[in-house]
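Below is one structure, written out as structure tokens, with a few remarks after it.
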Amino acid sequence: MENKEKEFLELVEAHKGIIHKISRMYMDAEDDQQDLTQEIIYQLWKSYDSFQHQSRFSTWMYRVALNTALVFFKKEKRKMAVTDTMPEHIAMEENVTATKELQLAHFYRAVQKLERLEKALVFLHLENYSHKEIGENLGISEGNARIKLSRAKDKLKELIKKQGYEF
């Protein structure tokens with residue numbers, strides 16, 4: 001195996017959670033999540049030569065993955081099918097309790113109802129990016145990122161409450 005390919009595979013493996021989270025946030029059905037995951041990995045490999053190591057790999061990976069998720073919608077002309085039922089499959093670690101699974105199911109169902117930019121804001125926030133970094137990743141100002149994130153979090157809380165789940 002070529003060094004470039006080996007390096008790429010190691011980096012993707014180290015940061016695969018990014019891909020899975022984005023796929024889950026943007027697609028409802030498990031098959032669609034898998035399709036998006038494959039498309040993200042393909043786009044990462046296709047553009048790997050453009051990664052110049054000026055930023056962290058994970059930062060570059062976020063940008064490629066988010067852009068791929070947005071293009072995936074447009075290209076396939078897919079509309080998210082949001083239902084009132086629980087998602088069919090929730091990938092969980094073995095030690096997560098039933099309560100935690102329920103909370104995550106409510107969270108992901110609510111996130112799927114957010115606008116694309118709001119999803120990206122929430123995702124980057126959950127990954128502990130600062131407002132400045134979020135703004136840089138999304139091409140908006142730090143102040144705008146802060147305001148839009150606050151509004152997205154409020155909207156998310158309301159969506160979760162509408163599902164009948166109380167904090």
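Residues are referred to by chain and number: the chain letter is A, B, ... according to the order shown in the structure tokens, the number counts from 1 in that chain, and ligands are numbered separately from 1 in the order shown.
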Mind listing the alpha helix (DSSP H) residues of stretch 3-163 of chain A, per DSSP on the backbone, as a ChimeraX atom specification?
/A:3-14,16-26,30-46,57-76,98-111,116-126,131-138,142-162
Grab the residues selected above and save them as a short mmCIF file (atom, residue, chain, number, x, y, z; two decimals), in the first residue's frame with C-alpha atoms.
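As a result, selection-v1.cif now contains:
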data_model
loop_
_atom_site.label_atom_id
_atom_site.label_comp_id
_atom_site.auth_asym_id
_atom_site.auth_seq_id
_atom_site.Cartn_x
_atom_site.Cartn_y
_atom_site.Cartn_z
CA ASN A 3 2.27 5.79 1.88
CA LYS A 4 -0.29 8.40 0.80
CA GLU A 5 -3.10 5.85 0.84
CA LYS A 6 -2.00 4.46 4.20
CA GLU A 7 -1.77 7.94 5.73
CA PHE A 8 -5.22 8.82 4.37
CA LEU A 9 -6.82 5.65 5.75
CA GLU A 10 -5.23 6.19 9.17
CA LEU A 11 -6.48 9.79 9.32
CA VAL A 12 -10.00 8.83 8.24
CA GLU A 13 -10.06 6.01 10.80
CA ALA A 14 -8.92 8.38 13.55
CA LYS A 16 -14.43 8.58 11.41
CA GLY A 17 -16.81 9.87 14.08
CA ILE A 18 -17.04 13.15 12.16
CA ILE A 19 -18.34 11.35 9.09
CA HIS A 20 -20.85 9.28 11.02
CA LYS A 21 -22.21 12.28 12.92
CA ILE A 22 -22.66 14.36 9.79
CA SER A 23 -24.33 11.48 7.97
CA ARG A 24 -26.68 10.94 10.87
CA MET A 25 -27.50 14.62 11.23
CA TYR A 26 -28.28 15.09 7.55
CA GLU A 30 -29.90 4.22 7.60
CA ASP A 31 -29.39 3.41 3.90
CA ASP A 32 -29.17 7.12 3.09
CA GLN A 33 -26.70 7.60 5.95
CA GLN A 34 -24.51 4.84 4.51
CA ASP A 35 -24.72 6.35 1.02
CA LEU A 36 -23.71 9.75 2.37
CA THR A 37 -20.87 8.21 4.40
CA GLN A 38 -19.50 6.55 1.27
CA GLU A 39 -19.84 9.78 -0.72
CA ILE A 40 -17.99 11.74 2.00
CA ILE A 41 -15.12 9.24 2.06
CA TYR A 42 -14.95 9.31 -1.74
CA GLN A 43 -14.84 13.12 -1.78
CA LEU A 44 -12.20 13.15 0.96
CA TRP A 45 -9.98 10.80 -1.06
CA LYS A 46 -10.64 12.69 -4.31
CA PHE A 57 -6.92 17.31 9.24
CA SER A 58 -10.15 17.21 11.23
CA THR A 59 -10.91 20.85 10.33
CA TRP A 60 -10.34 20.13 6.65
CA MET A 61 -12.38 16.94 6.97
CA TYR A 62 -15.33 18.87 8.50
CA ARG A 63 -15.37 21.26 5.58
CA VAL A 64 -15.28 18.53 2.97
CA ALA A 65 -17.87 16.43 4.81
CA LEU A 66 -20.28 19.34 5.36
CA ASN A 67 -19.96 20.51 1.76
CA THR A 68 -20.50 16.95 0.55
CA ALA A 69 -23.62 16.60 2.70
CA LEU A 70 -25.02 19.84 1.25
CA VAL A 71 -24.22 18.85 -2.34
CA PHE A 72 -25.60 15.36 -1.72
CA PHE A 73 -29.02 16.92 -1.08
CA LYS A 74 -28.94 19.06 -4.20
CA LYS A 75 -27.44 16.42 -6.48
CA GLU A 76 -29.86 13.70 -5.49
CA ALA A 98 -31.79 3.02 27.53
CA THR A 99 -32.43 6.54 28.83
CA LYS A 100 -29.41 7.86 26.98
CA GLU A 101 -30.58 6.10 23.81
CA LEU A 102 -33.99 7.75 24.13
CA GLN A 103 -32.42 11.16 24.67
CA LEU A 104 -30.20 10.73 21.61
CA ALA A 105 -33.14 9.56 19.51
CA HIS A 106 -35.09 12.70 20.45
CA PHE A 107 -32.03 14.84 19.78
CA TYR A 108 -31.28 13.40 16.33
CA ARG A 109 -34.93 13.48 15.30
CA ALA A 110 -35.06 17.18 16.25
CA VAL A 111 -31.74 17.94 14.52
CA ARG A 116 -28.79 22.83 6.83
CA LEU A 117 -26.82 25.77 8.25
CA GLU A 118 -28.34 25.21 11.69
CA LYS A 119 -27.28 21.55 11.55
CA ALA A 120 -23.73 22.56 10.69
CA LEU A 121 -23.67 25.09 13.55
CA VAL A 122 -24.94 22.53 16.07
CA PHE A 123 -22.52 19.89 14.80
CA LEU A 124 -19.47 22.13 15.06
CA HIS A 125 -20.61 23.31 18.50
CA LEU A 126 -20.92 19.70 19.68
CA HIS A 131 -17.52 30.64 17.77
CA LYS A 132 -14.56 31.99 15.83
CA GLU A 133 -13.72 28.55 14.41
CA ILE A 134 -17.37 27.88 13.57
CA GLY A 135 -17.54 31.18 11.72
CA GLU A 136 -14.35 30.41 9.80
CA ASN A 137 -15.61 26.95 8.83
CA LEU A 138 -18.95 28.27 7.61
CA GLU A 142 -17.78 35.13 14.77
CA GLY A 143 -20.67 37.28 16.00
CA ASN A 144 -23.00 35.90 13.37
CA ALA A 145 -21.96 32.34 14.32
CA ARG A 146 -22.73 33.10 17.97
CA ILE A 147 -26.19 34.53 17.20
CA LYS A 148 -27.16 31.81 14.70
CA LEU A 149 -25.95 29.08 17.08
CA SER A 150 -27.98 30.52 19.94
CA ARG A 151 -31.09 30.61 17.76
CA ALA A 152 -30.45 27.08 16.51
CA LYS A 153 -30.11 25.79 20.08
CA ASP A 154 -33.37 27.49 21.06
CA LYS A 155 -35.09 26.01 18.03
CA LEU A 156 -33.68 22.58 18.87
CA LYS A 157 -35.04 22.79 22.42
CA GLU A 158 -38.48 23.68 21.10
CA LEU A 159 -38.42 20.83 18.59
CA ILE A 160 -37.50 18.37 21.33
CA LYS A 161 -40.28 19.69 23.58
CA LYS A 162 -42.77 19.28 20.71
#
